[in-house]
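Source file: data12.cif. Holds: mmCIF, C-alpha atoms.
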data_model
loop_
_atom_site.group_PDB
_atom_site.id
_atom_site.type_symbol
_atom_site.label_atom_id
_atom_site.label_comp_id
_atom_site.auth_asym_id
_atom_site.auth_seq_id
_atom_site.Cartn_x
_atom_site.Cartn_y
_atom_site.Cartn_z
ATOM 1 C CA MET F 71 -11.860 -5.072 -62.970
ATOM 2 C CA PRO F 72 -11.213 -5.556 -59.203
ATOM 3 C CA GLU F 73 -12.016 -8.878 -57.617
ATOM 4 C CA GLN F 74 -15.107 -9.234 -55.487
ATOM 5 C CA PRO F 75 -14.393 -10.049 -51.849
ATOM 6 C CA LYS F 76 -14.738 -13.711 -51.007
ATOM 7 C CA ALA F 77 -17.209 -14.936 -48.408
ATOM 8 C CA ASP F 78 -14.459 -15.709 -45.889
ATOM 9 C CA HIS F 79 -13.167 -12.115 -46.020
ATOM 10 C CA PRO F 80 -14.771 -9.358 -43.975
ATOM 11 C CA LEU F 81 -17.222 -7.181 -45.866
ATOM 12 C CA ASP F 82 -16.255 -3.661 -46.752
ATOM 13 C CA VAL F 83 -18.279 -0.642 -45.629
ATOM 14 C CA GLU F 84 -20.108 -0.087 -48.910
ATOM 15 C CA GLU F 85 -21.229 -3.692 -49.127
ATOM 16 C CA ALA F 86 -22.371 -3.655 -45.500
ATOM 17 C CA ALA F 87 -24.444 -0.533 -46.204
ATOM 18 C CA VAL F 88 -26.029 -2.198 -49.241
ATOM 19 C CA ASN F 89 -26.858 -5.338 -47.217
ATOM 20 C CA LEU F 90 -28.374 -3.288 -44.393
ATOM 21 C CA ASP F 91 -30.447 -1.245 -46.849
ATOM 22 C CA ARG F 92 -31.624 -4.433 -48.548
ATOM 23 C CA ALA F 93 -32.601 -5.956 -45.177
ATOM 24 C CA MET F 94 -34.506 -2.837 -44.143
ATOM 25 C CA ARG F 95 -36.457 -2.652 -47.412
ATOM 26 C CA HIS F 96 -37.187 -6.362 -47.673
ATOM 27 C CA PRO F 97 -40.943 -6.894 -47.996
ATOM 28 C CA ALA F 98 -41.003 -9.958 -45.717
ATOM 29 C CA ARG F 99 -39.296 -8.073 -42.894
ATOM 30 C CA SER F 100 -41.264 -8.429 -39.658
ATOM 31 C CA SER F 101 -38.868 -6.729 -37.213
ATOM 32 C CA ASP F 102 -36.627 -3.739 -37.010
ATOM 33 C CA ALA F 103 -33.444 -4.683 -38.901
ATOM 34 C CA LEU F 104 -31.396 -1.845 -37.426
ATOM 35 C CA GLY F 105 -32.531 -2.683 -33.889
ATOM 36 C CA ASP F 106 -31.704 -6.340 -34.453
ATOM 37 C CA PHE F 107 -28.297 -5.315 -35.786
ATOM 38 C CA PHE F 108 -27.473 -3.280 -32.661
ATOM 39 C CA ASP F 109 -28.880 -5.994 -30.388
ATOM 40 C CA ALA F 110 -26.503 -8.461 -32.038
ATOM 41 C CA LEU F 111 -23.604 -6.015 -31.619
ATOM 42 C CA GLY F 112 -24.448 -5.567 -27.931
ATOM 43 C CA ALA F 113 -24.642 -9.321 -27.369
ATOM 44 C CA ALA F 114 -21.282 -9.790 -29.093
ATOM 45 C CA ALA F 115 -19.701 -7.041 -26.971
ATOM 46 C CA ARG F 116 -21.066 -8.599 -23.751
ATOM 47 C CA GLU F 117 -19.776 -12.027 -24.757
ATOM 48 C CA MET F 118 -16.354 -10.593 -25.580
ATOM 49 C CA ALA F 119 -16.212 -8.784 -22.212
ATOM 50 C CA ARG F 120 -17.194 -12.016 -20.412
ATOM 51 C CA GLN F 121 -14.470 -13.963 -22.216
ATOM 52 C CA GLU F 122 -11.865 -11.298 -21.416
ATOM 53 C CA GLY F 123 -12.903 -11.378 -17.744
ATOM 54 C CA GLU F 124 -12.567 -15.153 -17.652
ATOM 55 C CA ALA F 125 -9.149 -14.919 -19.301
ATOM 56 C CA ARG F 126 -8.026 -12.306 -16.736
ATOM 57 C CA GLU F 127 -9.270 -14.487 -13.878
ATOM 58 C CA LEU F 128 -7.463 -17.555 -15.255
ATOM 59 C CA LEU F 129 -4.280 -15.519 -15.633
ATOM 60 C CA ARG F 130 -4.610 -14.231 -12.034
ATOM 61 C CA VAL F 131 -5.125 -17.747 -10.679
ATOM 62 C CA ALA F 132 -2.149 -19.052 -12.663
ATOM 63 C CA ARG F 133 0.034 -16.159 -11.495
ATOM 64 C CA ASN F 134 -0.971 -16.703 -7.845
ATOM 65 C CA ALA F 135 -0.205 -20.423 -8.114
ATOM 66 C CA ASP F 136 3.236 -19.787 -9.635
ATOM 67 C CA PRO F 137 5.949 -20.989 -7.189
ATOM 68 C CA VAL F 138 8.149 -17.950 -7.864
ATOM 69 C CA THR F 139 5.272 -15.569 -7.128
ATOM 70 C CA ARG F 140 4.389 -17.452 -3.959
ATOM 71 C CA ALA F 141 8.033 -17.384 -2.801
ATOM 72 C CA ASN F 142 8.277 -13.639 -3.515
ATOM 73 C CA ARG F 143 5.074 -12.942 -1.567
ATOM 74 C CA SER F 144 6.268 -15.082 1.341
ATOM 75 C CA ARG F 145 9.666 -13.385 1.408
ATOM 76 C CA GLY F 146 8.043 -9.937 1.309
ATOM 77 C CA ALA F 147 5.648 -10.834 4.112
ATOM 78 C CA HIS F 148 8.524 -12.151 6.244
ATOM 79 C CA GLN F 149 10.600 -9.011 5.626
ATOM 80 C CA GLY F 150 7.627 -6.833 6.547
ATOM 81 C CA TRP F 151 7.106 -8.846 9.719
ATOM 82 C CA LYS F 152 10.784 -8.412 10.692
ATOM 83 C CA LYS F 153 10.658 -4.663 10.002
ATOM 84 C CA ARG F 154 7.512 -4.235 12.092
ATOM 85 C CA ARG F 155 9.012 -6.181 14.999
ATOM 86 C CA ALA F 156 12.277 -4.189 14.822
ATOM 87 C CA ARG F 157 10.358 -0.887 14.714
ATOM 88 C CA GLU F 158 8.194 -1.931 17.685
ATOM 89 C CA ALA F 159 11.296 -2.960 19.675
ATOM 90 C CA ARG F 160 13.000 0.345 18.835
ATOM 91 C CA GLU F 161 9.903 2.312 19.896
ATOM 92 C CA ARG F 162 9.673 0.342 23.167
ATOM 93 C CA LEU F 163 13.343 1.025 23.861
ATOM 94 C CA LEU F 164 12.938 4.750 23.173
ATOM 95 C CA ASP F 165 9.856 4.838 25.414
ATOM 96 C CA ASP F 166 11.800 3.094 28.189
ATOM 97 C CA ILE F 167 14.720 5.496 27.882
ATOM 98 C CA GLY F 168 12.564 8.610 27.886
ATOM 99 C CA ASP F 169 13.914 12.139 27.531
ATOM 100 C CA VAL F 170 15.805 12.301 30.821
ATOM 101 C CA PRO F 171 19.554 11.755 30.583
ATOM 102 C CA VAL F 172 20.507 8.715 32.599
ATOM 103 C CA ARG F 173 23.671 8.671 34.620
ATOM 104 C CA THR F 174 25.684 5.494 33.999
ATOM 105 C CA GLY F 175 28.161 5.739 36.870
ATOM 106 C CA PRO F 176 27.901 6.471 40.572
ATOM 107 C CA GLY F 177 26.318 9.815 41.409
ATOM 108 C CA CYS F 178 25.863 12.174 44.315
ATOM 109 C CA ASP F 179 22.804 11.211 46.385
ATOM 110 C CA GLU F 180 21.792 14.764 47.323
ATOM 111 C CA MET F 181 18.184 15.748 46.646
ATOM 112 C CA ASN F 182 16.528 19.139 46.589
ATOM 113 C CA HIS F 183 13.384 20.788 45.189
ATOM 114 C CA ASN F 184 13.314 22.973 42.094
ATOM 115 C CA SER F 185 11.311 26.203 41.648
ATOM 116 C CA ILE F 186 8.016 24.358 41.147
ATOM 117 C CA GLY F 187 8.487 21.966 44.040
ATOM 118 C CA SER F 188 9.572 18.837 42.149
ATOM 119 C CA GLU F 189 12.310 16.676 43.575
ATOM 120 C CA VAL F 190 15.628 16.935 41.728
ATOM 121 C CA PHE F 191 18.765 14.918 42.295
ATOM 122 C CA CYS F 192 22.382 15.964 41.911
ATOM 123 C CA GLN F 193 23.971 14.493 38.800
ATOM 124 C CA LEU F 194 27.598 15.190 39.706
ATOM 125 C CA ASP F 195 30.188 12.646 40.853
ATOM 126 C CA PRO F 196 30.180 11.670 44.535
ATOM 127 C CA GLY F 197 32.483 13.773 46.708
ATOM 128 C CA HIS F 198 32.473 16.823 44.412
ATOM 129 C CA ASP F 199 33.610 20.178 45.813
ATOM 130 C CA GLU F 200 31.267 22.532 43.916
ATOM 131 C CA ASP F 201 27.536 23.156 44.377
ATOM 132 C CA HIS F 202 25.039 20.408 43.560
ATOM 133 C CA ASP F 203 23.588 20.441 40.010
ATOM 134 C CA ASP F 204 20.732 18.478 38.403
ATOM 135 C CA ASP F 205 21.974 19.147 34.804
ATOM 136 C CA TYR F 206 18.737 21.082 34.057
ATOM 137 C CA GLY F 207 19.779 24.421 35.532
ATOM 138 C CA THR F 208 18.853 23.863 39.167
ATOM 139 C CA THR F 209 21.773 24.234 41.557
ATOM 140 C CA TRP F 210 21.923 24.316 45.364
ATOM 141 C CA PRO F 211 24.792 24.817 47.763
ATOM 142 C CA GLN F 212 26.608 21.984 49.460
ATOM 143 C CA GLU F 213 25.887 21.648 53.128
ATOM 144 C CA ASP F 214 28.879 20.789 55.289
#

What does the file become when written as structure tokens?
Amino acid sequence: MPEQPKADHPLDVEEAAVNLDRAMRHPARSSDALGDFFDALGAAAREMARQEGEARELLRVARNADPVTRANRSRGAHQGWKKRRAREARERLLDDIGDVPVRTGPGCDEMNHNSIGSEVFCQLDPGHDEDHDDDYGTTWPQED
């Protein structure tokens, strides 16, 4: 014959059904046994969720206070700061340069107007023998 479960062991399904049936049919019962059962289950689930939330919060606080985590966050923030500053400096430099090619050496000082009336300057070396050129397709003859 199999042993009966001890009181410190969890009840099996059949025994739980018998206990619930007994509680529902008890003559001195003044409340809804099934409702009380589910109320108790709900309260236990809420308590378990509260405890898990507290445990998660404690773990988060401990992780944030960890020196290695703090050092990693600080290093990441510093690297991000350096990258942002380098990107801003690069963008400022590109804005300063613009799209126009800049002549680095001495150039011819001749100026003319292009087809829409804008001033254009010769980009060739000083003292050149050919026509003036602005490097964008506008040319004009040299005047002697």

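What separates atom CA of F:Arg145 from atom CA of F:Ala132 is a distance of 19.2 Å.
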
**Message:** What's around F:Cys192 at 8 Å? Count all atoms listed in the file, leave out sequence neighbours fewer than 4 positions away in its own chain, and write the answer as a VMD selection string.
**Reply:** chain F and resid 177 to 181 202 to 205

**Prompt:** Excluding same-chain residues fewer than 2 positions from F:Glu213, what lies within 12 Å of it counting only C-alpha atoms, as a VMD selection string?
**Reply:** chain F and resid 180 to 182 198 to 202 210 to 211

**Asked** Which of these residues is nearest to F:Val190, using all atoms listed in the file: F:Gly146, F:Gly207, F:Ala114, F:Leu129?
**Response**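 The shortest atom-to-atom distance to F:Val190 comes from F:Gly207.
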
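Atom pair atom CA of F:Phe108 / atom CA of F:Arg92 has a distance of 16.5 Å (rounded to one decimal).
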